[in-house]
$ cat query-v9.cif   # mmCIF, C-alpha atoms and all ligand atoms
data_input
loop_
_atom_site.label_atom_id
_atom_site.label_comp_id
_atom_site.auth_asym_id
_atom_site.auth_seq_id
_atom_site.Cartn_x
_atom_site.Cartn_y
_atom_site.Cartn_z
CA MET A 1 -70.56 -123.42 53.89
CA ALA A 2 -67.48 -125.32 54.85
CA ARG A 3 -66.03 -128.01 57.03
CA VAL A 4 -63.97 -126.78 60.00
CA GLN A 5 -61.26 -128.94 61.52
CA LEU A 6 -59.06 -128.45 64.53
CA GLU A 7 -56.20 -130.92 64.72
CA HIS A 8 -54.32 -131.13 68.01
CA VAL A 9 -54.82 -127.42 68.66
CA THR A 10 -53.15 -126.17 71.83
CA LYS A 11 -52.95 -122.57 73.00
CA ARG A 12 -50.74 -121.64 75.92
CA TYR A 13 -50.40 -118.28 77.62
CA ASP A 14 -47.30 -118.52 79.81
CA ASP A 15 -48.26 -121.15 82.36
CA VAL A 16 -51.98 -121.25 81.42
CA THR A 17 -53.04 -123.84 78.85
CA ALA A 18 -56.24 -122.25 77.54
CA VAL A 19 -56.84 -124.97 74.92
CA ASP A 20 -55.31 -128.40 75.34
CA ASP A 21 -54.87 -130.70 72.33
CA MET A 22 -58.30 -129.96 70.87
CA ASN A 23 -59.56 -132.10 68.01
CA LEU A 24 -62.81 -131.03 66.35
CA ASP A 25 -64.26 -132.00 62.99
CA ILE A 26 -67.28 -129.86 62.17
CA ASP A 27 -69.14 -130.81 59.04
CA HIS A 28 -70.44 -128.54 56.27
CA GLY A 29 -73.64 -126.87 57.39
CA GLU A 30 -73.44 -128.15 60.95
CA PHE A 31 -74.48 -126.04 63.95
CA VAL A 32 -71.98 -126.86 66.67
CA THR A 33 -71.96 -125.19 70.06
CA LEU A 34 -68.96 -124.98 72.35
CA VAL A 35 -70.20 -125.09 75.90
CA GLY A 36 -68.59 -125.22 79.31
CA PRO A 37 -67.99 -123.17 82.44
CA SER A 38 -66.26 -119.81 82.40
CA GLY A 39 -62.54 -120.14 81.67
CA CYS A 40 -62.81 -123.59 80.02
CA GLY A 41 -61.35 -122.32 76.74
CA LYS A 42 -64.44 -121.71 74.60
CA SER A 43 -63.44 -118.23 73.42
CA THR A 44 -59.83 -119.18 72.86
CA THR A 45 -60.92 -122.17 70.74
CA MET A 46 -63.14 -119.82 68.75
CA GLU A 47 -60.28 -117.32 68.37
CA THR A 48 -58.07 -119.98 66.83
CA ILE A 49 -60.82 -120.60 64.26
CA SER A 50 -61.42 -116.91 63.60
CA GLY A 51 -57.74 -116.06 63.37
CA LEU A 52 -57.71 -113.65 66.30
CA THR A 53 -55.26 -116.05 67.93
CA VAL A 54 -52.56 -118.26 66.45
CA PRO A 55 -52.38 -121.61 68.25
CA THR A 56 -49.16 -122.60 69.99
CA GLU A 57 -49.44 -126.01 68.33
CA GLY A 58 -51.80 -127.69 65.92
CA THR A 59 -53.62 -126.97 62.68
CA VAL A 60 -56.88 -125.21 61.84
CA ARG A 61 -58.57 -126.01 58.53
CA ILE A 62 -61.56 -124.29 56.97
CA GLY A 63 -62.80 -125.99 53.84
CA GLU A 64 -59.76 -128.06 53.05
CA ARG A 65 -57.43 -125.06 53.49
CA ASP A 66 -54.88 -124.80 56.27
CA VAL A 67 -55.76 -121.39 57.72
CA THR A 68 -53.71 -121.68 60.92
CA ASN A 69 -51.63 -118.61 60.14
CA LEU A 70 -54.05 -116.68 57.92
CA PRO A 71 -55.53 -113.37 59.13
CA PRO A 72 -59.30 -113.34 59.90
CA LYS A 73 -60.20 -111.51 56.69
CA ASP A 74 -58.84 -114.31 54.52
CA ARG A 75 -60.69 -117.15 56.25
CA GLY A 76 -64.20 -116.79 54.77
CA ILE A 77 -65.77 -116.29 58.19
CA SER A 78 -68.15 -113.80 59.77
CA MET A 79 -68.22 -113.15 63.48
CA VAL A 80 -70.93 -111.99 65.86
CA PHE A 81 -69.95 -111.16 69.42
CA GLN A 82 -71.66 -110.52 72.73
CA ASN A 83 -70.93 -106.82 72.60
CA ILE A 84 -72.63 -105.51 69.55
CA ALA A 85 -70.50 -102.79 68.05
CA LEU A 86 -72.82 -100.87 65.73
CA PHE A 87 -71.73 -97.51 64.42
CA PRO A 88 -73.99 -95.07 66.30
CA HIS A 89 -73.93 -92.42 63.58
CA MET A 90 -74.93 -94.86 60.82
CA ASP A 91 -78.44 -96.12 60.13
CA VAL A 92 -79.28 -99.80 59.82
CA TYR A 93 -78.61 -99.93 56.07
CA GLU A 94 -75.19 -98.33 56.51
CA ASN A 95 -74.32 -100.57 59.43
CA ILE A 96 -75.28 -103.76 57.59
CA SER A 97 -73.54 -102.76 54.38
CA PHE A 98 -70.39 -101.34 55.99
CA GLY A 99 -68.13 -104.30 55.18
CA LEU A 100 -69.37 -104.54 51.61
CA ARG A 101 -68.86 -100.83 51.00
CA LEU A 102 -65.37 -101.11 52.41
CA ARG A 103 -64.67 -103.82 49.85
CA ASN A 104 -66.08 -101.62 47.05
CA TYR A 105 -69.01 -103.82 46.10
CA GLU A 106 -71.39 -102.40 43.44
CA LYS A 107 -74.33 -100.47 44.88
CA GLU A 108 -76.80 -102.83 43.21
CA GLU A 109 -75.17 -105.91 44.75
CA ILE A 110 -75.01 -104.22 48.16
CA ASP A 111 -78.72 -103.33 48.04
CA LYS A 112 -79.63 -106.87 47.03
CA ARG A 113 -77.63 -108.45 49.84
CA VAL A 114 -78.84 -105.97 52.47
CA ASP A 115 -82.46 -106.58 51.46
CA GLU A 116 -82.02 -110.35 51.65
CA ALA A 117 -80.25 -110.22 55.01
CA ALA A 118 -82.82 -107.79 56.44
CA GLU A 119 -85.54 -110.20 55.39
CA VAL A 120 -83.85 -113.15 57.10
CA VAL A 121 -83.54 -111.29 60.42
CA GLU A 122 -86.93 -109.58 59.97
CA LEU A 123 -85.66 -106.02 59.83
CA GLU A 124 -87.39 -105.02 56.58
CA GLY A 125 -88.75 -101.50 56.79
CA MET A 126 -86.23 -100.54 59.46
CA LEU A 127 -83.24 -99.84 57.27
CA ASP A 128 -83.28 -96.09 57.93
CA ARG A 129 -83.48 -96.44 61.73
CA MET A 130 -80.57 -95.28 63.87
CA PRO A 131 -79.17 -97.75 66.47
CA ASP A 132 -80.36 -95.64 69.40
CA GLU A 133 -83.92 -95.96 68.11
CA MET A 134 -83.81 -99.75 68.38
CA SER A 135 -84.17 -102.36 71.11
CA GLY A 136 -81.31 -104.64 72.16
CA GLY A 137 -82.77 -107.52 70.18
CA GLN A 138 -83.14 -105.43 67.04
CA ARG A 139 -79.56 -104.19 67.35
CA GLN A 140 -78.37 -107.76 67.73
CA ARG A 141 -80.26 -108.66 64.56
CA VAL A 142 -78.48 -105.82 62.74
CA ALA A 143 -75.18 -107.32 63.85
CA ILE A 144 -76.27 -110.73 62.54
CA ALA A 145 -77.44 -109.21 59.23
CA ARG A 146 -74.05 -107.52 58.92
CA ALA A 147 -72.46 -110.95 59.26
CA ILE A 148 -74.90 -112.52 56.76
CA VAL A 149 -74.27 -110.05 53.91
CA ARG A 150 -70.66 -111.13 53.72
CA ASP A 151 -71.93 -114.55 52.65
CA PRO A 152 -69.39 -116.38 54.80
CA ASP A 153 -68.49 -120.07 54.64
CA VAL A 154 -68.66 -120.17 58.42
CA PHE A 155 -70.42 -118.10 61.07
CA LEU A 156 -68.69 -117.72 64.40
CA MET A 157 -70.90 -116.51 67.22
CA ASP A 158 -69.47 -115.90 70.68
CA GLU A 159 -72.21 -115.44 73.31
CA PRO A 160 -74.25 -113.30 70.88
CA LEU A 161 -77.34 -113.36 73.07
CA ALA A 162 -75.68 -112.87 76.46
CA ASN A 163 -76.65 -109.23 76.83
CA LEU A 164 -80.31 -109.75 75.99
CA ASP A 165 -83.05 -110.27 78.57
CA ALA A 166 -84.34 -113.80 79.11
CA LYS A 167 -87.47 -113.48 76.97
CA LEU A 168 -85.60 -112.00 74.05
CA ARG A 169 -82.92 -114.67 74.30
CA VAL A 170 -85.52 -117.38 73.86
CA HIS A 171 -86.97 -115.52 70.87
CA MET A 172 -83.54 -115.05 69.29
CA ARG A 173 -82.82 -118.74 69.79
CA THR A 174 -85.61 -119.62 67.38
CA GLN A 175 -84.48 -116.87 65.03
CA LEU A 176 -80.99 -118.33 64.91
CA GLN A 177 -82.29 -121.82 64.24
CA ARG A 178 -84.37 -120.44 61.37
CA LEU A 179 -81.37 -118.51 60.12
CA HIS A 180 -79.29 -121.68 60.13
CA ARG A 181 -81.96 -123.51 58.16
CA GLU A 182 -82.39 -120.73 55.62
CA LEU A 183 -78.71 -120.01 55.05
CA ASP A 184 -77.69 -123.65 55.16
CA THR A 185 -74.37 -122.54 56.62
CA THR A 186 -71.85 -123.84 59.13
CA ILE A 187 -72.33 -122.15 62.50
CA ILE A 188 -69.97 -122.42 65.45
CA TYR A 189 -71.50 -120.94 68.54
CA VAL A 190 -70.10 -120.29 72.00
CA THR A 191 -72.21 -120.10 75.11
CA HIS A 192 -72.11 -120.94 78.79
CA ASN A 193 -75.91 -121.17 78.66
CA GLN A 194 -76.72 -124.82 78.26
CA ALA A 195 -80.36 -124.21 77.30
CA GLU A 196 -79.06 -122.41 74.20
CA ALA A 197 -76.65 -125.23 73.50
CA MET A 198 -79.27 -127.93 73.93
CA THR A 199 -81.98 -126.30 71.83
CA MET A 200 -80.10 -124.98 68.82
CA SER A 201 -77.23 -127.31 68.07
CA ASP A 202 -76.76 -130.34 65.87
CA ARG A 203 -73.92 -131.26 68.19
CA ILE A 204 -72.48 -129.75 71.33
CA ALA A 205 -68.84 -129.80 72.28
CA VAL A 206 -68.46 -129.82 76.07
CA LEU A 207 -65.18 -128.30 77.27
CA ASP A 208 -63.50 -128.31 80.65
CA THR A 209 -60.06 -126.91 81.50
CA GLY A 210 -59.23 -126.48 77.84
CA GLN A 211 -60.01 -130.10 77.00
CA LEU A 212 -62.80 -131.53 74.92
CA GLN A 213 -64.92 -133.79 77.13
CA GLN A 214 -67.48 -134.93 74.59
CA ILE A 215 -68.84 -133.87 71.22
CA ALA A 216 -72.22 -135.35 70.39
CA PRO A 217 -75.85 -134.42 69.69
CA PRO A 218 -77.40 -132.68 72.72
CA LEU A 219 -79.56 -135.63 73.75
CA VAL A 220 -76.63 -138.03 73.53
CA CYS A 221 -74.69 -135.78 75.92
CA TYR A 222 -77.77 -135.77 78.16
CA ASN A 223 -78.56 -139.48 78.03
CA GLU A 224 -75.11 -140.93 77.53
CA PRO A 225 -72.61 -138.51 79.05
CA ALA A 226 -69.04 -139.61 78.45
CA ASN A 227 -67.97 -138.76 81.98
CA LEU A 228 -69.06 -137.24 85.28
CA PHE A 229 -68.19 -133.73 84.14
CA VAL A 230 -70.57 -133.88 81.18
CA ALA A 231 -73.16 -135.72 83.28
CA THR A 232 -73.32 -132.98 85.90
CA PHE A 233 -72.76 -130.03 83.57
CA ILE A 234 -75.52 -130.90 81.09
CA GLY A 235 -79.00 -130.83 82.59
CA SER A 236 -80.57 -128.45 85.05
CA PRO A 237 -80.85 -129.19 87.88
CA SER A 238 -77.79 -131.41 87.78
CA MET A 239 -77.71 -135.18 87.77
CA ASN A 240 -77.54 -136.68 91.28
CA THR A 241 -74.24 -138.39 91.94
CA ILE A 242 -74.04 -141.03 94.63
CA GLU A 243 -70.65 -142.31 95.68
CA GLY A 244 -70.26 -145.94 96.53
CA GLU A 245 -68.52 -149.14 95.69
CA ILE A 246 -68.97 -152.32 93.78
CA THR A 247 -70.07 -155.30 95.88
CA ASN A 248 -70.55 -158.92 94.84
CA ASP A 249 -74.18 -158.05 94.09
CA GLY A 250 -73.79 -154.72 92.33
CA PHE A 251 -73.62 -151.21 93.78
CA ALA A 252 -73.91 -149.99 97.37
CA SER A 253 -73.74 -146.33 98.34
CA THR A 254 -71.24 -145.11 100.90
CA TYR A 255 -73.79 -143.11 102.88
CA GLY A 256 -77.46 -143.89 102.89
CA GLN A 257 -79.12 -146.95 101.54
CA VAL A 258 -78.94 -146.87 97.79
CA ALA A 259 -78.26 -150.30 96.37
CA VAL A 260 -78.58 -151.60 92.84
CA GLU A 261 -78.27 -155.28 92.10
CA PHE A 262 -76.45 -156.41 89.01
CA ASP A 263 -73.64 -158.70 88.05
CA PRO A 264 -70.46 -156.60 88.28
CA THR A 265 -68.51 -158.96 86.05
CA ALA A 266 -70.86 -158.13 83.16
CA PHE A 267 -69.30 -154.66 83.21
CA GLY A 268 -65.78 -155.81 83.95
CA LEU A 269 -66.05 -154.52 87.53
CA THR A 270 -64.58 -156.04 90.65
CA PRO A 271 -65.93 -155.88 94.21
CA GLY A 272 -64.35 -153.09 96.26
CA GLN A 273 -63.95 -150.78 93.29
CA SER A 274 -65.02 -147.18 93.96
CA VAL A 275 -67.68 -145.96 91.55
CA THR A 276 -70.23 -143.18 91.31
CA LEU A 277 -73.85 -143.80 90.49
CA GLY A 278 -75.65 -141.07 88.55
CA VAL A 279 -79.39 -140.53 88.35
CA ARG A 280 -81.30 -137.53 87.04
CA PRO A 281 -83.99 -135.97 89.23
CA GLU A 282 -86.73 -137.03 86.78
CA ASP A 283 -85.69 -140.68 87.12
CA VAL A 284 -86.37 -140.82 90.86
CA TYR A 285 -89.92 -141.81 91.87
CA VAL A 286 -91.92 -142.06 95.09
CA THR A 287 -93.03 -145.69 95.39
CA THR A 288 -96.58 -144.75 96.33
CA LEU A 289 -96.98 -142.42 93.35
CA VAL A 290 -95.78 -144.75 90.61
CA ASP A 291 -96.89 -148.24 89.71
CA ASP A 292 -95.66 -148.82 86.20
CA LEU A 293 -91.89 -148.52 86.38
CA ALA A 294 -90.48 -151.40 84.33
CA HIS A 295 -87.06 -151.51 85.97
CA PRO A 296 -87.14 -150.16 89.54
CA THR A 297 -84.35 -150.42 92.10
CA ALA A 298 -85.05 -151.62 95.62
CA PRO A 299 -86.86 -148.88 97.60
CA VAL A 300 -84.65 -146.29 99.29
CA PRO A 301 -86.07 -144.94 102.56
CA THR A 302 -85.81 -141.16 102.55
CA ARG A 303 -87.23 -138.08 104.18
CA SER A 304 -88.21 -135.01 102.17
CA ASP A 305 -86.40 -131.89 103.22
CA VAL A 306 -87.08 -128.83 101.08
CA LEU A 307 -89.68 -128.56 98.29
CA GLU A 308 -89.29 -126.21 95.35
CA PRO A 309 -92.54 -125.86 93.37
CA MET A 310 -91.59 -124.70 89.85
CA GLY A 311 -95.08 -124.61 88.35
CA ASP A 312 -94.61 -127.43 85.85
CA GLU A 313 -92.84 -129.69 88.36
CA ILE A 314 -91.81 -129.81 92.00
CA PHE A 315 -88.22 -130.36 93.04
CA VAL A 316 -87.97 -132.39 96.23
CA TYR A 317 -84.71 -132.52 98.17
CA LEU A 318 -84.49 -135.90 99.83
CA VAL A 319 -82.14 -137.15 102.50
CA THR A 320 -81.80 -140.87 103.06
CA GLU A 321 -83.26 -141.97 106.33
CA ASP A 322 -80.19 -143.03 108.22
CA ILE A 323 -78.61 -139.70 107.35
CA ALA A 324 -81.65 -137.84 108.61
CA GLU A 325 -81.24 -139.70 111.88
CA GLY A 326 -77.54 -138.88 112.02
CA GLY A 327 -76.80 -142.51 111.25
CA SER A 328 -73.90 -143.40 109.05
CA MET A 329 -72.92 -139.90 108.04
CA GLU A 330 -69.42 -139.03 109.07
CA GLU A 331 -68.67 -135.50 110.16
CA GLY A 332 -67.85 -133.25 107.24
CA SER A 333 -68.98 -135.81 104.69
CA ASP A 334 -71.31 -135.17 101.81
CA PRO A 335 -74.83 -135.57 103.15
CA GLY A 336 -75.76 -137.45 100.00
CA GLU A 337 -78.91 -135.55 99.18
CA ILE A 338 -80.99 -136.85 96.31
CA LEU A 339 -82.96 -134.40 94.24
CA MET A 340 -86.21 -135.70 92.79
CA SER A 341 -88.61 -134.03 90.42
CA VAL A 342 -92.30 -134.91 90.67
CA ASP A 343 -95.54 -133.84 88.99
CA PRO A 344 -96.84 -130.46 90.16
CA ASP A 345 -100.05 -132.04 91.48
CA SER A 346 -98.26 -134.74 93.49
CA ASP A 347 -99.15 -134.93 97.14
CA VAL A 348 -95.76 -134.44 98.72
CA GLN A 349 -94.99 -132.47 101.85
CA GLU A 350 -91.85 -131.28 103.53
CA ASP A 351 -90.45 -133.48 106.27
CA GLN A 352 -92.30 -136.53 105.07
CA GLU A 353 -90.93 -140.07 105.09
CA MET A 354 -91.11 -141.67 101.69
CA ASP A 355 -89.59 -144.61 99.89
CA VAL A 356 -88.19 -143.77 96.49
CA ILE A 357 -87.11 -145.97 93.62
CA LEU A 358 -84.75 -145.20 90.78
CA ASP A 359 -85.35 -146.13 87.17
CA ARG A 360 -82.61 -148.67 86.49
CA SER A 361 -82.80 -148.10 82.75
CA LYS A 362 -81.75 -144.49 83.38
CA LEU A 363 -78.94 -145.09 85.85
CA HIS A 364 -75.35 -144.19 85.00
CA LEU A 365 -72.21 -145.64 86.46
CA PHE A 366 -68.84 -143.87 86.44
CA ASP A 367 -65.44 -145.23 87.39
CA GLU A 368 -62.90 -143.70 89.79
CA ASP A 369 -61.66 -141.36 87.06
CA GLY A 370 -65.20 -140.23 86.29
CA GLU A 371 -65.37 -142.07 82.95
CA ALA A 372 -68.72 -143.60 82.09
CA ILE A 373 -68.93 -147.38 82.53
CA THR A 374 -72.54 -147.84 81.49
CA HIS A 375 -75.79 -145.99 80.87
CA GLY A 376 -78.63 -148.16 82.08
CA LEU A 377 -78.28 -150.84 84.77
CA VAL A 378 -81.13 -153.10 83.79
CA GLU A 379 -80.53 -156.62 85.06
CA ALA A 380 -77.19 -157.59 83.59
CA PRO A 381 -76.87 -161.23 82.58
CA ALA A 382 -74.91 -163.35 85.03
CA ALA A 383 -71.38 -164.03 83.86
CA ALA A 384 -72.01 -167.77 83.73
CA SER A 385 -75.05 -167.60 81.46
CA GLY A 386 -74.48 -164.40 79.51
CA PRO A 387 -72.19 -164.07 76.51
CA ALA A 388 -68.84 -162.40 77.05
CA GLY A 389 -68.44 -158.75 76.11
CA THR A 390 -71.92 -157.63 77.10
CA GLU A 391 -70.64 -154.53 78.82
CA VAL A 392 -71.90 -151.24 77.54
CA GLU A 393 -69.22 -148.67 76.89
CA GLY A 394 -69.68 -144.97 77.50
CA ASP A 395 -70.19 -142.89 74.37
CA ASP A 396 -66.92 -141.74 72.80
P1 LIG B 401 -64.01 -119.17 78.21
O1 LIG B 401 -64.29 -118.49 76.91
O2 LIG B 401 -64.45 -120.59 78.25
O3 LIG B 401 -64.51 -118.40 79.39
P2 LIG B 401 -61.26 -118.47 77.64
O4 LIG B 401 -60.95 -119.15 76.36
O5 LIG B 401 -61.57 -117.01 77.59
O6 LIG B 401 -62.42 -119.26 78.39
O7 LIG B 401 -60.04 -118.66 78.63
C1 LIG B 401 -59.43 -119.91 78.91
C2 LIG B 401 -58.27 -119.70 79.86
O8 LIG B 401 -57.22 -119.00 79.19
C3 LIG B 401 -58.60 -118.88 81.09
O9 LIG B 401 -57.88 -119.40 82.17
C4 LIG B 401 -58.12 -117.50 80.73
O10 LIG B 401 -57.77 -116.78 81.88
C5 LIG B 401 -56.90 -117.79 79.86
N1 LIG B 401 -56.68 -116.76 78.86
C6 LIG B 401 -57.49 -116.45 77.82
N2 LIG B 401 -56.98 -115.45 77.07
C7 LIG B 401 -55.80 -115.11 77.65
C8 LIG B 401 -54.77 -114.14 77.35
N3 LIG B 401 -54.86 -113.33 76.30
N4 LIG B 401 -53.71 -114.10 78.18
C9 LIG B 401 -53.59 -114.93 79.23
N5 LIG B 401 -54.51 -115.87 79.57
C10 LIG B 401 -55.60 -115.96 78.80
#

$ encode --input "query-v9.cif" --output "C-alpha cells" --more "lines below"
Ligand code: ADP
Amino acid sequence: MARVQLEHVTKRYDDVTAVDDMNLDIDHGEFVTLVGPSGCGKSTTMETISGLTVPTEGTVRIGERDVTNLPPKDRGISMVFQNIALFPHMDVYENISFGLRLRNYEKEEIDKRVDEAAEVVELEGMLDRMPDEMSGGQRQRVAIARAIVRDPDVFLMDEPLANLDAKLRVHMRTQLQRLHRELDTTIIYVTHNQAEAMTMSDRIAVLDTGQLQQIAPPLVCYNEPANLFVATFIGSPSMNTIEGEITNDGFASTYGQVAVEFDPTAFGLTPGQSVTLGVRPEDVYVTTLVDDLAHPTAPVPTRSDVLEPMGDEIFVYLVTEDIAEGGSMEEGSDPGEILMSVDPDSDVQEDQEMDVILDRSKLHLFDEDGEAITHGLVEAPAAASGPAGTEVEGDD
C-alpha cells in the first residue's frame, strides 16, 4: 500500500482542459472515490495516476516516488476497468495468473497467489471454468483477482461495476469493501454512481469541469458541502435550492414565501446580497405532521403538486402558494418548487394546501459564487451581544 499524491496536475487536450490544477493527497490504505458528472475529468485524473497519460503540468507521486513520467508497469499499480477483458480461450486460473506467468514467476508462487486471490473474491472451485461459462459478476471478480495477484501498492478501478445489473452492483459493492479491508490496500475508484461513492469510500473527491470541488468523507460532503455544485450533486434526489437575498432580518426568497430569520452580520452578510438557501427533501416537514422540531423556520404556505410514493418514503413536489395562484412568479422564471420527503404512511394528497417548515439546523446558505457560507442557520447571536467571529465557514 502506498500514498498517492497529485500536485498541481493539469492535462490539456488542445483547447480542452480535462484536468485543471488538481491537488490530491491520498493516504496509505485509503479508499478514495473520484466522482462527478460525465466529462468532469475522472478518467483523465486516473490515467495520470496509472501512467496511461502524462500530465501537461504537475507531478504524480506514488509512495514517495515521482512517477509522473514512468510507464504503468513501473508504478506498482493494478487496474480494473469497466470493460472486462478476459482471454476467452483461457480458463479462470490462466486468466488470473496471466501477468505472473508473463513475468516468469515460479509455479508454486503463482498457485499460492491465485488461490489466495480466488478466496478473496470467492471464486474457489471455479478455477477451471471458461469465461463464457460465467456470469458478468463472476467475470468481474476474475478481473479483480487478476489485479490482486500482482500485489500492487495501489488499485485503480475505473467504473468496474458499470456493466453489471443493479442487484449485482450492490452485491459487488460489499465485496469491494471487504476486499479493501482484507488487502489493506490503497484503492482509487472512479464512478459517476454516487451511491457507490457514498457507500464504499473513506473519502470522496467531487470533480466538476476538471476541478476538484471538495475531498472529504462522504457524510461531510453530504452534510457540509463546500459549494452549490457538491450540494446538488451529492444526494438523491437533489438538495432544494431557493434563490433569494439577505434582508435586515435574515433570508427572503425571491419567489414564494420562504423566510429565515437570523442576524446577517453574524455571517458577515449585508442586506441586498444575493444568496441561495439549500435544504434537503428530508429536512422539510408538514407542520401538522411534526411537533418536535427543535429549530423550525416560519411556516411556508404551499400546495402539493405531484406525489411519488417510493415504498420507504413519499416524495412530495410542493409549490409555494402565491406561485400556485400565479402570484409573484415572473414569466419564464424558476417556479421554485420544493421537494419534500415524508413517511410512507403520512396522510398527504395531491393538490392539498399545507404549511411546511424547514429544519433550521439543516439549512445551507451559499453566496453568489455558490460557495458555502454556513451549514445550519440556528438562531445566530445578534452582533451586539455575540462575540465576533461566530460565523461558520464552509468545509474546505
Ligand atoms: P470523465 O471520466 O469524468 O467522464 P474524462 O476524463 O474522460 O471525463 O474527460 C474529461 C474531458 O477531457 C472531456 O471533455 C473529454 O472530452 C476530454 N478528453 C478526454 N480524453 C481526451 C482525449 N484523448 N483527447 C481529447 N479530449 C479528451

$ residues_around --input "query-v9.cif" --residues "Ala118 (chain A)" --least-positions-apart "2" --cutoff "9 Å" --atoms "all atoms listed in the file" --output "PDB file with C-alpha atoms, in the frame of the given file"
ATOM      1  CA  TYR A  93     -78.610 -99.930  56.070  1.00  0.00           C
ATOM      2  CA  ILE A  96     -75.280-103.760  57.590  1.00  0.00           C
ATOM      3  CA  ARG A 113     -77.630-108.450  49.840  1.00  0.00           C
ATOM      4  CA  VAL A 114     -78.840-105.970  52.470  1.00  0.00           C
ATOM      5  CA  ASP A 115     -82.460-106.580  51.460  1.00  0.00           C
ATOM      6  CA  GLU A 116     -82.020-110.350  51.650  1.00  0.00           C
ATOM      7  CA  VAL A 120     -83.850-113.150  57.100  1.00  0.00           C
ATOM      8  CA  VAL A 121     -83.540-111.290  60.420  1.00  0.00           C
ATOM      9  CA  GLU A 122     -86.930-109.580  59.970  1.00  0.00           C
ATOM     10  CA  LEU A 123     -85.660-106.020  59.830  1.00  0.00           C
ATOM     11  CA  GLU A 124     -87.390-105.020  56.580  1.00  0.00           C
ATOM     12  CA  GLY A 125     -88.750-101.500  56.790  1.00  0.00           C
ATOM     13  CA  MET A 126     -86.230-100.540  59.460  1.00  0.00           C
ATOM     14  CA  LEU A 127     -83.240 -99.840  57.270  1.00  0.00           C
ATOM     15  CA  ARG A 141     -80.260-108.660  64.560  1.00  0.00           C
ATOM     16  CA  VAL A 142     -78.480-105.820  62.740  1.00  0.00           C
ATOM     17  CA  ALA A 145     -77.440-109.210  59.230  1.00  0.00           C
TER      18      ALA A 145
END

$ residues_near_point --input "query-v9.cif" --point "(-73.3, -111.9, 60.0)" --cutoff "9 Å" --atoms "all atoms listed in the file" --output "number ranges by chain"
A: 77-80, 96, 117, 141-152, 155-157

$ residues_near_ligand --input "query-v9.cif" --ligand "ligand LIG 401 (chain B)" --cutoff "8 Å" --atoms "all atoms listed in the file" --output "ChimeraX atom specification"
/A:12-14,16-19,35-46,190,192,207,209-210

$ residues_near_point --input "query-v9.cif" --point "(-78.9, -139.3, 76.2)" --cutoff "12 Å" --atoms "only C-alpha atoms" --output "list of chain:residue names"
A:Met198, A:Ala216, A:Pro217, A:Pro218, A:Leu219, A:Val220, A:Cys221, A:Tyr222, A:Asn223, A:Glu224, A:Pro225, A:Ala226, A:Val230, A:Ala231, A:Ile234, A:Gly235, A:Arg280, A:Ser361, A:Lys362, A:Leu363, A:His364, A:Thr374, A:His375, A:Gly376, A:Gly394, A:Asp395

$ residues_around --input "query-v9.cif" --residues "region 167-184 of chain A" --least-positions-apart "5" --cutoff "6 Å" --atoms "all atoms listed in the file" --output "ChimeraX atom specification"
/A:29,161,200

$ axis_aligned_box --input "query-v9.cif" --around "region 142-145 of chain A" --padding-each-side "6 Å" --output "lines of an AutoDock Vina configuration file"
center_x = -76.8
center_y = -108.3
center_z = 61.5
size_x = 15.3
size_y = 16.9
size_z = 16.6

$ closest_residue --input "query-v9.cif" --among "A:Asp132, A:Pro55, A:Asn248, A:Asp74" --to "Met90 (chain A)" --atoms "all atoms listed in the file"
A:Asp132

$ residues_around --input "query-v9.cif" --residues "Ala197 (chain A)" --least-positions-apart "5" --cutoff "7 Å" --atoms "only C-alpha atoms" --output "JSON, numbers by chain"
{"A": [33, 35, 191, 204]}

$ write_last_selection --input "query-v9.cif" --atoms "C-alpha atoms" --output "compact mmCIF listing (two decimals), in the frame of the given file"
# COMPACT_ATOMS: atom_id res chain seq x y z
CA THR A 33 -71.96 -125.19 70.06
CA VAL A 35 -70.20 -125.09 75.90
CA THR A 191 -72.21 -120.10 75.11
CA ILE A 204 -72.48 -129.75 71.33
